[in-house]
Amino acid sequence: MQRFLLFLFLFLLSVSGSSQELSTPWYWLLQANQRFKNNDSTNAFLALKKSVQYGLFDPQAVANKYFQSQLNQDQQKKILEGIKANRKKIESPSSIKIINSDIDRFWKIFEHRNDAYFDSLLTSDYIMKGSVGVQTFYQIRMQNSVKRLADKIRSAPKFYESIRPATLSFKKMQPQFIKAAEKLEQIYPESVFPPIYFLIGHLNNVGTADGYAGLLIGSEHLCKTGQTDTSELTAIDKMVLFDSGLVVPLIIHEYVHFQQHNKYEQTLLELSIMEGVADYITFIITGKYTNPEVMQFGLKNEPKLRSHFSKEMDGENTDNWLFNAFNPETGYPGNLGYFIGFRICELYYRKAANKKTAVREMLNIQDFKKILEVSGYELK
């Protein structure tokens, strides 16, 4: 996760050309990093102050050579104190904030989907007037452009219209999120609970903890009900729709990612265990799988999957196992790496004499091969 964030940070810095200032920690971190590279420590410090002002709560965001080499001790102290103060605000499950304002605003703009100025309206009224969450999503997952969102809305208006009631129901679910978060705190007292931003995208991301703003939830993925009209969607689109009953487990999965402090994940095995930890701890808390179909397939075909996975697990190619779709050649559904990771974590946890210690170890992995070895999960 951390390695991916670093790569994403540098990539977005290289492609970001927007002249519009965004009210997000991520935007100002990018600005600070650029100013550090230009040896402009004064303005880099001011940019970091902006990042803290807009909610930066993760000290890892400033754990870099620039921060320590170009800022004096007083400046470093001020930034770290601001981050600590922001973090203090999200330490309790009862403080969880659910932000739905972007969804309400989206549906007002949706009515103008056939107008020539629709793209501009999405930018001005959905993004620029939006929450910290939707502006971060715009940077992290929309590549600073609304074009794909506008195109998807025009190509699948029936789908979007059919999910409107479901998207509006999420604002009533705060008690369920708090209850699940309280269970997470019980098994891992160091947990933090950033804001949850429900927004609407173009079926490109279910949820992400990237960007240091909170949980960014692509609500359109979580609205599969008996009323959902999928007639205009592609086969791949249909694969990334989830039953609305999985909202809470998927939220908790992302919350678990916030607690992880592993060494950089590089190999297929490491990334699979990282995702498996999030899925398994979610299962402990909710009793539900985040992707029941993948789990069912995995359990029915486990010996074959173990054999295939073992041949690729030490490499960095994840194409056959993670963040992928159905493979017609093998008949495998996407994201089977989550299943393998889940099973490794399940056995590791069951063998542990102290369950809280096991959770802490799974959230702070420095040796993934050791986790596999201790679990006893056979990968041959």
# chains A, B, ... in the order shown; residues from 1 in each chain; ligands from 1
call {"tool": "residues_around", "arguments": {"residues": "stretch 122-131 of chain A", "least_positions_apart": "3", "cutoff": "12 Å", "atoms": "only C-alpha atoms", "output": "tab-separated table (two decimals) with N, CA and C atoms, in the first residue's frame"}}
result
chain	number	residue	atom	x	y	z
A	18	SER	N	-3.32	21.15	-13.54
A	18	SER	CA	-4.47	22.02	-13.28
A	18	SER	C	-4.04	23.28	-12.57
A	20	GLN	N	-6.27	25.15	-11.10
A	20	GLN	CA	-7.27	25.36	-10.07
A	20	GLN	C	-6.79	24.79	-8.75
A	21	GLU	N	-6.85	25.58	-7.71
A	21	GLU	CA	-6.49	25.08	-6.40
A	21	GLU	C	-7.62	24.21	-5.86
A	22	LEU	N	-7.24	23.11	-5.25
A	22	LEU	CA	-8.21	22.20	-4.65
A	22	LEU	C	-8.04	22.19	-3.14
A	23	SER	N	-9.13	22.04	-2.44
A	23	SER	CA	-9.11	22.11	-0.98
A	23	SER	C	-8.87	20.74	-0.37
A	24	THR	N	-7.77	20.10	-0.73
A	24	THR	CA	-7.49	18.74	-0.26
A	24	THR	C	-6.08	18.63	0.30
A	25	PRO	N	-5.87	17.74	1.25
A	25	PRO	CA	-4.50	17.48	1.71
A	25	PRO	C	-3.59	17.04	0.57
A	54	TYR	N	-6.63	21.44	5.75
A	54	TYR	CA	-7.70	20.69	5.08
A	54	TYR	C	-7.82	19.25	5.57
A	55	GLY	N	-7.15	18.94	6.68
A	55	GLY	CA	-7.44	17.68	7.36
A	55	GLY	C	-6.37	16.61	7.36
A	98	ILE	N	-20.12	11.03	8.15
A	98	ILE	CA	-20.61	10.51	6.86
A	98	ILE	C	-20.95	11.71	6.00
A	99	ILE	N	-20.25	11.88	4.89
A	99	ILE	CA	-20.49	13.04	4.02
A	99	ILE	C	-21.19	12.58	2.75
A	100	ASN	N	-22.44	13.00	2.58
A	100	ASN	CA	-23.28	12.62	1.43
A	100	ASN	C	-23.58	13.80	0.52
A	101	SER	N	-23.06	14.96	0.84
A	101	SER	CA	-23.43	16.16	0.10
A	101	SER	C	-23.08	16.08	-1.38
A	102	ASP	N	-22.02	15.33	-1.72
A	102	ASP	CA	-21.64	15.20	-3.13
A	102	ASP	C	-22.68	14.44	-3.93
A	103	ILE	N	-23.32	13.46	-3.29
A	103	ILE	CA	-24.37	12.70	-3.97
A	103	ILE	C	-25.58	13.60	-4.24
A	104	ASP	N	-25.98	14.36	-3.24
A	104	ASP	CA	-27.13	15.26	-3.43
A	104	ASP	C	-26.86	16.25	-4.57
A	105	ARG	N	-25.65	16.77	-4.60
A	105	ARG	CA	-25.30	17.73	-5.65
A	105	ARG	C	-25.21	17.05	-7.01
A	106	PHE	N	-24.71	15.81	-7.03
A	106	PHE	CA	-24.60	15.08	-8.29
A	106	PHE	C	-25.96	14.95	-8.97
A	107	TRP	N	-26.99	14.61	-8.20
A	107	TRP	CA	-28.29	14.37	-8.83
A	107	TRP	C	-28.92	15.65	-9.38
A	108	LYS	N	-28.60	16.77	-8.80
A	108	LYS	CA	-29.07	18.04	-9.38
A	108	LYS	C	-28.40	18.29	-10.72
A	109	ILE	N	-27.11	17.98	-10.81
A	109	ILE	CA	-26.36	18.18	-12.06
A	109	ILE	C	-26.76	17.14	-13.10
A	110	PHE	N	-27.10	15.94	-12.64
A	110	PHE	CA	-27.48	14.84	-13.53
A	110	PHE	C	-28.63	15.24	-14.46
A	111	GLU	N	-29.50	16.08	-13.98
A	111	GLU	CA	-30.65	16.50	-14.79
A	111	GLU	C	-30.23	17.28	-16.03
A	112	HIS	N	-29.01	17.76	-16.07
A	112	HIS	CA	-28.50	18.53	-17.21
A	112	HIS	C	-27.60	17.69	-18.12
A	113	ARG	N	-27.69	16.37	-18.02
A	113	ARG	CA	-26.76	15.49	-18.75
A	113	ARG	C	-26.83	15.64	-20.26
A	115	ASP	N	-27.36	18.53	-21.80
A	115	ASP	CA	-27.02	19.90	-22.17
A	115	ASP	C	-25.57	19.99	-22.62
A	116	ALA	N	-25.30	20.94	-23.49
A	116	ALA	CA	-23.95	21.10	-24.04
A	116	ALA	C	-22.93	21.47	-22.98
A	117	TYR	N	-23.38	22.12	-21.92
A	117	TYR	CA	-22.45	22.58	-20.89
A	117	TYR	C	-22.32	21.58	-19.73
A	118	PHE	N	-22.76	20.35	-19.93
A	118	PHE	CA	-22.78	19.36	-18.84
A	118	PHE	C	-21.38	19.11	-18.27
A	119	ASP	N	-20.38	18.94	-19.13
A	119	ASP	CA	-19.02	18.68	-18.64
A	119	ASP	C	-18.53	19.81	-17.75
A	134	VAL	N	-14.59	14.39	-2.68
A	134	VAL	CA	-14.78	14.30	-4.12
A	134	VAL	C	-13.64	15.01	-4.86
A	135	GLN	N	-13.10	16.06	-4.28
A	135	GLN	CA	-11.96	16.72	-4.93
A	135	GLN	C	-10.72	15.83	-4.89
A	136	THR	N	-10.55	15.07	-3.81
A	136	THR	CA	-9.44	14.13	-3.76
A	136	THR	C	-9.64	13.01	-4.76
A	137	PHE	N	-10.86	12.51	-4.86
A	137	PHE	CA	-11.18	11.46	-5.84
A	137	PHE	C	-10.90	11.96	-7.26
A	138	TYR	N	-11.21	13.20	-7.51
A	138	TYR	CA	-10.95	13.84	-8.80
A	138	TYR	C	-9.47	13.76	-9.15
A	139	GLN	N	-8.62	13.97	-8.16
A	139	GLN	CA	-7.18	13.89	-8.39
A	139	GLN	C	-6.69	12.45	-8.48
A	142	MET	N	-9.74	10.22	-11.03
A	142	MET	CA	-10.31	10.77	-12.26
A	142	MET	C	-9.27	11.49	-13.11
A	144	ASN	N	-7.82	14.28	-12.82
A	144	ASN	CA	-8.11	15.70	-12.99
A	144	ASN	C	-8.95	16.02	-14.22
A	145	SER	N	-9.90	15.13	-14.53
A	145	SER	CA	-10.78	15.34	-15.69
A	145	SER	C	-12.13	14.69	-15.44
A	146	VAL	N	-13.21	15.36	-15.87
A	146	VAL	CA	-14.56	14.80	-15.72
A	146	VAL	C	-15.03	14.11	-17.00
A	147	LYS	N	-14.19	14.05	-18.01
A	147	LYS	CA	-14.63	13.55	-19.32
A	147	LYS	C	-15.18	12.12	-19.23
A	148	ARG	N	-14.45	11.24	-18.58
A	148	ARG	CA	-14.91	9.84	-18.52
A	148	ARG	C	-16.21	9.72	-17.74
A	149	LEU	N	-16.36	10.51	-16.70
A	149	LEU	CA	-17.61	10.50	-15.95
A	149	LEU	C	-18.75	10.98	-16.81
A	150	ALA	N	-18.56	12.08	-17.52
A	150	ALA	CA	-19.61	12.61	-18.39
A	150	ALA	C	-19.97	11.61	-19.48
A	151	ASP	N	-18.95	10.99	-20.07
A	151	ASP	CA	-19.20	10.00	-21.13
A	151	ASP	C	-19.98	8.80	-20.61
A	153	ILE	N	-22.02	8.69	-18.03
A	153	ILE	CA	-23.40	9.09	-17.72
A	153	ILE	C	-24.23	9.15	-19.01
A	195	PRO	N	-13.18	10.38	7.96
A	195	PRO	CA	-14.51	10.59	7.36
A	195	PRO	C	-14.78	9.63	6.20
A	196	ILE	N	-16.05	9.34	5.99
A	196	ILE	CA	-16.47	8.51	4.86
A	196	ILE	C	-17.18	9.42	3.87
A	197	TYR	N	-16.63	9.51	2.67
A	197	TYR	CA	-17.21	10.36	1.62
A	197	TYR	C	-17.91	9.47	0.59
A	198	PHE	N	-19.22	9.58	0.50
A	198	PHE	CA	-19.96	8.89	-0.55
A	198	PHE	C	-20.07	9.82	-1.76
A	199	LEU	N	-19.60	9.35	-2.89
A	199	LEU	CA	-19.64	10.14	-4.11
A	199	LEU	C	-20.00	9.22	-5.27
A	200	ILE	N	-20.08	9.77	-6.46
A	200	ILE	CA	-20.46	8.98	-7.63
A	200	ILE	C	-19.44	9.19	-8.74
A	201	GLY	N	-18.93	8.09	-9.26
A	201	GLY	CA	-17.95	8.12	-10.33
A	201	GLY	C	-18.43	7.38	-11.55
A	213	ALA	N	-7.50	11.90	2.71
A	213	ALA	CA	-8.70	12.69	3.02
A	213	ALA	C	-9.69	11.89	3.86
A	214	GLY	N	-9.71	10.59	3.69
A	214	GLY	CA	-10.68	9.72	4.34
A	214	GLY	C	-11.01	8.57	3.42
A	216	LEU	N	-12.98	7.20	0.38
A	216	LEU	CA	-13.64	7.72	-0.81
A	216	LEU	C	-14.40	6.55	-1.44
call {"tool": "select_by_dssp", "arguments": {"residues": "stretch 113-349 of chain A", "states": "alpha helix (DSSP H)", "output": "PyMOL selection string"}}
result
chain A and resi 118-121+132-140+147-155+157-169+174-187+235-239+247-259+268-286+292-300+302-312+336-349
call {"tool": "closest_residue", "arguments": {"among": "A:Gln53, A:Asn320, A:Thr42, A:Ser95", "to": "A:Gln70", "atoms": "only C-alpha atoms"}}
result
A:Thr42
call {"tool": "closest_residue", "arguments": {"among": "A:Leu29, A:Leu347, A:Leu246, A:Ile285", "to": "A:Phe67", "atoms": "only C-alpha atoms"}}
result
A:Leu29
call {"tool": "closest_residue", "arguments": {"among": "A:Ile281, A:Leu268, A:Leu222, A:Val52", "to": "A:Phe170", "atoms": "only C-alpha atoms"}}
result
A:Leu222
call {"tool": "atom_distance", "arguments": {"atom1": "atom CA of A:Asp58", "atom2": "atom CA of A:Asn262"}}
result
14.5 Å
call {"tool": "atom_distance", "arguments": {"atom1": "atom CA of A:Tyr338", "atom2": "atom CA of A:Leu215"}}
result
19.8 Å
call {"tool": "closest_residue", "arguments": {"among": "A:Ile344, A:Ala166, A:Leu80, A:Ala44", "to": "A:Gly376", "atoms": "only C-alpha atoms"}}
result
A:Ile344
call {"tool": "select_by_dssp", "arguments": {"residues": "stretch 210-349 of chain A", "states": "strand (DSSP E or B)", "output": "PyMOL selection string"}}
result
chain A and resi 215-218+224+243+327+332
call {"tool": "write_last_selection", "arguments": {"atoms": "C-alpha atoms", "output": "JSON list (two decimals), in the first residue's frame"}}
result
[["chain", "number", "residue", "atom", "x", "y", "z"],
["A", 215, "LEU", "CA", -12.61, 6.87, 2.74],
["A", 216, "LEU", "CA", -13.64, 7.72, -0.81],
["A", 217, "ILE", "CA", -16.54, 5.49, -1.82],
["A", 218, "GLY", "CA", -17.70, 5.08, -5.42],
["A", 224, "LYS", "CA", -26.99, -3.57, -7.05],
["A", 243, "ASP", "CA", -25.02, -5.93, -3.69],
["A", 327, "ASN", "CA", -10.43, -14.50, -17.37],
["A", 332, "TYR", "CA", -11.14, -17.62, -13.07]]
call {"tool": "residues_around", "arguments": {"residues": "A:Ile251", "least_positions_apart": "4", "cutoff": "10 Å", "atoms": "only C-alpha atoms", "output": "VMD selection string"}}
result
chain A and resid 177 180 to 181 196 206 to 209 215 to 217 246 to 247 255 to 256 282 290
call {"tool": "decode", "arguments": {"residues": "stretch 217-241 of chain A", "atoms": "C-alpha atoms", "output": "tab-separated table (two decimals), in the first residue's frame"}}
result
chain	number	residue	atom	x	y	z
A	217	ILE	CA	-16.54	5.49	-1.82
A	218	GLY	CA	-17.70	5.08	-5.42
A	219	SER	CA	-21.36	4.68	-4.51
A	220	GLU	CA	-22.43	3.59	-7.99
A	221	HIS	CA	-20.62	0.27	-7.39
A	222	LEU	CA	-22.69	-0.51	-4.28
A	223	CYS	CA	-26.20	-0.15	-5.62
A	224	LYS	CA	-26.99	-3.57	-7.05
A	225	THR	CA	-30.64	-4.20	-6.22
A	226	GLY	CA	-33.65	-5.70	-7.97
A	227	GLN	CA	-34.29	-2.29	-9.53
A	228	THR	CA	-30.83	-1.72	-10.99
A	229	ASP	CA	-30.93	-1.36	-14.78
A	230	THR	CA	-27.71	-2.80	-16.22
A	231	SER	CA	-28.87	-2.98	-19.85
A	232	GLU	CA	-26.52	-0.19	-20.94
A	233	LEU	CA	-23.44	-1.45	-19.07
A	234	THR	CA	-20.50	-3.39	-20.44
A	235	ALA	CA	-19.64	-6.89	-19.22
A	236	ILE	CA	-16.76	-5.45	-17.19
A	237	ASP	CA	-19.04	-2.83	-15.65
A	238	LYS	CA	-21.40	-5.55	-14.47
A	239	MET	CA	-18.50	-7.39	-12.81
A	240	VAL	CA	-17.77	-4.46	-10.52
A	241	LEU	CA	-21.31	-4.02	-9.20
